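Structure file my_file00.tsv (TSV, C-alpha atoms) follows.
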chain	number	residue	atom	x	y	z
D	1	MET	CA	2.40	13.96	-23.94
D	2	PRO	CA	2.48	14.97	-27.61
D	3	LEU	CA	1.42	12.35	-30.14
D	4	SER	CA	4.88	12.45	-31.75
D	5	VAL	CA	6.50	11.43	-28.45
D	6	GLN	CA	3.85	8.74	-27.96
D	7	ALA	CA	4.80	7.28	-31.34
D	8	LYS	CA	8.49	7.16	-30.38
D	9	LEU	CA	7.70	5.54	-27.04
D	10	LEU	CA	5.50	2.95	-28.72
D	11	ARG	CA	8.25	2.16	-31.22
D	12	ALA	CA	10.78	1.67	-28.39
D	13	LEU	CA	8.34	-0.60	-26.54
D	14	GLN	CA	7.62	-2.74	-29.59
D	15	GLU	CA	11.06	-2.97	-31.17
D	16	HIS	CA	13.24	-2.77	-28.03
D	17	ARG	CA	15.46	-0.38	-29.96
D	18	LEU	CA	15.90	3.38	-29.92
D	19	ARG	CA	18.04	6.07	-31.48
D	20	ARG	CA	19.90	8.43	-29.17
D	21	LEU	CA	19.38	12.15	-29.62
D	22	GLY	CA	21.69	13.15	-32.46
D	23	GLY	CA	22.67	9.51	-33.07
D	24	GLU	CA	22.77	7.82	-36.42
D	25	THR	CA	22.30	4.21	-35.37
D	26	THR	CA	19.75	2.44	-33.22
D	27	ILE	CA	20.74	0.61	-30.06
D	28	ALA	CA	19.09	-2.32	-28.33
D	29	VAL	CA	17.42	-1.55	-25.02
D	30	ASP	CA	15.90	-3.72	-22.31
D	31	PHE	CA	13.69	-1.80	-19.89
D	32	ARG	CA	10.50	-1.93	-17.90
D	33	LEU	CA	8.12	0.99	-18.04
D	34	VAL	CA	6.00	2.13	-15.11
D	35	CYS	CA	3.39	4.76	-15.93
D	36	ALA	CA	1.20	6.93	-13.74
D	37	THR	CA	-1.45	9.49	-14.56
D	38	HIS	CA	-4.35	11.34	-13.06
D	39	CYS	CA	-5.91	11.74	-16.53
D	40	ASN	CA	-8.71	9.66	-17.98
D	41	LEU	CA	-6.82	7.94	-20.79
D	42	LYS	CA	-9.94	6.40	-22.32
D	43	ALA	CA	-11.46	9.86	-22.75
D	44	MET	CA	-8.17	11.10	-24.19
D	45	ILE	CA	-8.18	8.22	-26.69
D	46	GLU	CA	-11.71	9.16	-27.76
D	47	ASP	CA	-10.62	12.80	-28.16
D	48	GLY	CA	-7.61	11.74	-30.23
D	49	ARG	CA	-5.09	13.02	-27.67
D	50	PHE	CA	-3.70	9.60	-26.72
D	51	ARG	CA	-2.82	6.65	-28.93
D	52	GLU	CA	-4.98	3.59	-28.42
D	53	ASP	CA	-2.15	1.23	-29.42
D	54	LEU	CA	0.16	2.78	-26.82
D	55	HIS	CA	-2.56	2.46	-24.18
D	56	TYR	CA	-2.91	-1.22	-25.05
D	57	ARG	CA	0.86	-1.71	-24.56
D	58	ILE	CA	1.17	0.12	-21.25
D	59	ASN	CA	-2.11	-0.98	-19.62
D	60	VAL	CA	-0.87	-4.46	-18.66
D	61	ILE	CA	-1.35	-4.20	-14.90
D	62	HIS	CA	-3.67	-1.50	-13.64
D	63	LEU	CA	-3.26	-0.36	-10.03
D	64	ARG	CA	-5.47	2.33	-8.59
D	65	ILE	CA	-3.74	4.05	-5.73
D	66	PRO	CA	-6.13	6.41	-3.98
D	67	PRO	CA	-4.91	9.95	-3.32
D	68	LEU	CA	-3.71	10.81	0.17
D	69	ARG	CA	-6.89	12.76	0.85
D	70	GLU	CA	-8.66	9.38	0.77
D	71	ARG	CA	-6.04	7.69	2.99
D	72	LYS	CA	-5.95	9.77	6.16
D	73	GLU	CA	-4.26	6.95	8.08
D	74	ALA	CA	-1.18	7.36	5.84
D	75	SER	CA	-0.55	10.96	6.93
D	76	ALA	CA	1.04	9.90	10.26
D	77	TRP	CA	3.47	7.61	8.42
D	78	PHE	CA	4.42	10.38	5.99
D	79	MET	CA	4.90	12.89	8.81
D	80	GLN	CA	7.28	10.52	10.60
D	81	HIS	CA	9.12	9.80	7.34
D	82	PHE	CA	9.66	13.52	6.62
D	83	VAL	CA	10.75	14.23	10.20
D	84	GLU	CA	13.41	11.52	9.87
D	85	ALA	CA	14.50	12.83	6.46
D	86	PHE	CA	14.66	16.39	7.83
D	87	ASN	CA	16.74	15.23	10.81
D	88	ARG	CA	19.24	13.51	8.50
D	89	ALA	CA	19.62	16.66	6.39
D	90	HIS	CA	19.70	19.41	9.06
D	91	PRO	CA	21.72	19.95	12.23
D	92	GLU	CA	18.71	21.13	14.26
D	93	LYS	CA	16.69	18.07	15.16
D	94	VAL	CA	12.93	17.73	15.28
D	95	ARG	CA	12.02	15.36	18.10
D	96	ARG	CA	8.31	15.15	17.42
D	97	ILE	CA	5.41	16.83	15.70
D	98	ASP	CA	2.95	18.46	18.04
D	99	PRO	CA	-0.34	16.52	18.10
D	100	ARG	CA	-2.25	19.74	17.20
D	101	THR	CA	-0.10	20.05	14.09
D	102	GLN	CA	-0.63	16.42	13.17
D	103	GLU	CA	-4.38	16.80	13.56
D	104	ALA	CA	-4.47	20.04	11.52
D	105	LEU	CA	-2.41	18.54	8.70
D	106	ALA	CA	-4.53	15.38	8.65
D	107	ARG	CA	-7.76	17.34	8.66
D	108	TYR	CA	-6.81	19.84	5.96
D	109	ARG	CA	-4.46	17.61	3.95
D	110	GLY	CA	-1.90	20.33	3.27
D	111	HIS	CA	-4.25	23.23	2.53
D	112	MET	CA	-2.14	26.18	3.71
D	113	THR	CA	-4.87	28.59	4.80
D	114	HIS	CA	-6.95	26.05	6.72
D	115	SER	CA	-3.90	24.43	8.31
D	116	ALA	CA	-2.59	27.82	9.46
D	117	GLU	CA	-5.98	28.74	10.93
D	118	ALA	CA	-6.18	25.42	12.79
D	119	LEU	CA	-2.70	26.05	14.21
D	120	GLY	CA	-3.65	29.58	15.26
D	121	ILE	CA	-1.07	31.30	13.04
D	122	THR	CA	-1.26	33.27	9.82
D	123	ARG	CA	-0.70	31.72	6.43
D	124	LYS	CA	2.34	34.00	6.03
D	125	THR	CA	3.87	32.70	9.28
D	126	LEU	CA	3.26	29.10	8.22
D	127	TRP	CA	4.78	29.83	4.80
D	128	GLU	CA	7.88	31.47	6.37
D	129	LYS	CA	8.40	28.57	8.79
D	130	MET	CA	8.10	26.06	5.96
D	131	ARG	CA	10.57	28.04	3.83
D	132	ARG	CA	13.05	28.27	6.73
D	133	LEU	CA	12.81	24.51	7.24
D	134	GLY	CA	13.21	23.80	3.53
D	135	LEU	CA	9.67	22.48	3.09
D	136	GLN	CA	7.62	23.19	-0.01
D	137	ALA	CA	3.88	23.57	-0.32
D	138	ARG	CA	1.85	22.10	-3.14
D	139	GLU	CA	1.19	24.43	-6.08
D	140	ASP	CA	-2.57	24.34	-5.49
D	141	ALA	CA	-2.38	24.83	-1.70

Before we go any further, please render this structure as structure tokens.
Amino acid sequence: MPLSVQAKLLRALQEHRLRRLGGETTIAVDFRLVCATHCNLKAMIEDGRFREDLHYRINVIHLRIPPLRERKEASAWFMQHFVEAFNRAHPEKVRRIDPRTQEALARYRGHMTHSAEALGITRKTLWEKMRRLGLQAREDA
């Protein structure tokens, strides 16, 4: 986030007022801010890329939520959640996820090439099936 935007955010947090884009007057606002990052903010502060005063204002409650690769038990819950969401959105229903598929996805955590190999199909076939079902792969997969 550019330093200029950080300054505007800090001002809104401190004064509880902001100016709309193109507006001439400020308006009162009441909001709660929830922030998330994978960056080391303390290192960014030292490098001058993040404002220390903004960090002080937003770092009230610090929660570390481990990535999914560290929470393998959560993958079954997410698979069930996405099956239910898919079934609500599409006429063809998915009754269950094959245990081999569940195991491959849990083991390789979404890595396309390894998951496809574990399923005994090519990466291209896996990609085409995901596209047909409206599923997207991670950018780094």

Please identify all polymer residues within 12 Å of Val60 in chain D, counting only C-alpha atoms, omitting same-chain residues fewer than 4 positions from it, and present them as a VMD selection string. chain D and resid 32 to 35 54 to 56

Write out, as an mmCIF file, in the frame of the given file, the residues just selected, with C-alpha atoms.
data_model
loop_
_atom_site.group_PDB
_atom_site.id
_atom_site.type_symbol
_atom_site.label_atom_id
_atom_site.label_comp_id
_atom_site.auth_asym_id
_atom_site.auth_seq_id
_atom_site.Cartn_x
_atom_site.Cartn_y
_atom_site.Cartn_z
ATOM 1 C CA ARG D 32 10.500 -1.930 -17.900
ATOM 2 C CA LEU D 33 8.120 0.990 -18.040
ATOM 3 C CA VAL D 34 6.000 2.130 -15.110
ATOM 4 C CA CYS D 35 3.390 4.760 -15.930
ATOM 5 C CA LEU D 54 0.160 2.780 -26.820
ATOM 6 C CA HIS D 55 -2.560 2.460 -24.180
ATOM 7 C CA TYR D 56 -2.910 -1.220 -25.050
#

State, in Å with one decimal place, the distance from CA of Ser115 in chain D to CA of Trp127 in chain D.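 Taking CA of Ser115 in chain D as the start and CA of Trp127 in chain D as the end point, the length is 10.8 Å.
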
Interatomic distance, CA of Leu133 in chain D to CA of His90 in chain D (Å, one decimal):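 Computed distance, CA of Leu133 in chain D to CA of His90 in chain D, equals 8.8 Å.
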
Nearest to Pro99 in chain D: which of D:Leu119, D:Met112, D:Met44, D:Ala28 is it, counting all atoms listed in the file?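 Among the listed residues, D:Leu119 lies closest to Pro99 in chain D.
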
For Gly134 in chain D, find every residue with an atom within 12 Å (counting all atoms listed in the file), except residues of its own chain fewer than 3 positions away, and show them as a PyMOL selection string. chain D and resi 82-83+85-87+89-90+127-131+137

Return the single residue from D:Arg132, D:Asp98, D:Glu103, D:Met1 that is closest to Cys39 in chain D, with distances computed using all atoms listed in the file.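 For Cys39 in chain D, the nearest of the given residues is D:Met1.
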
Taking all atoms of range 111-115 of chain D that the file lists, what box with edges along x, y and z, padded by 8 Å per side, do you get, with centre and edge lengths in Å to one decimal, as AutoDock Vina command-line options?
--center_x -4.5 --center_y 25.9 --center_z 5.4 --size_x 20.8 --size_y 21.4 --size_z 21.8

Record the distance separating CA of Glu84 in chain D and CA of Arg64 in chain D, expressed in Å with one decimal. 28.0 Å

I'd like to know which of D:His114, D:Arg51, D:Arg88, D:Lys72 is closest to Lys8 in chain D, using all atoms listed in the file. D:Arg51

Of the residues D:Thr125, D:Thr37, D:Gln102, D:Gln14, which is the one nearest to Gln80 in chain D, using only C-alpha atoms? D:Gln102

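Nearest residue to His62 in chain D, choosing from D:Val29, D:Ala36, D:Ala76, D:Ala116 and counting only C-alpha atoms: D:Ala36.
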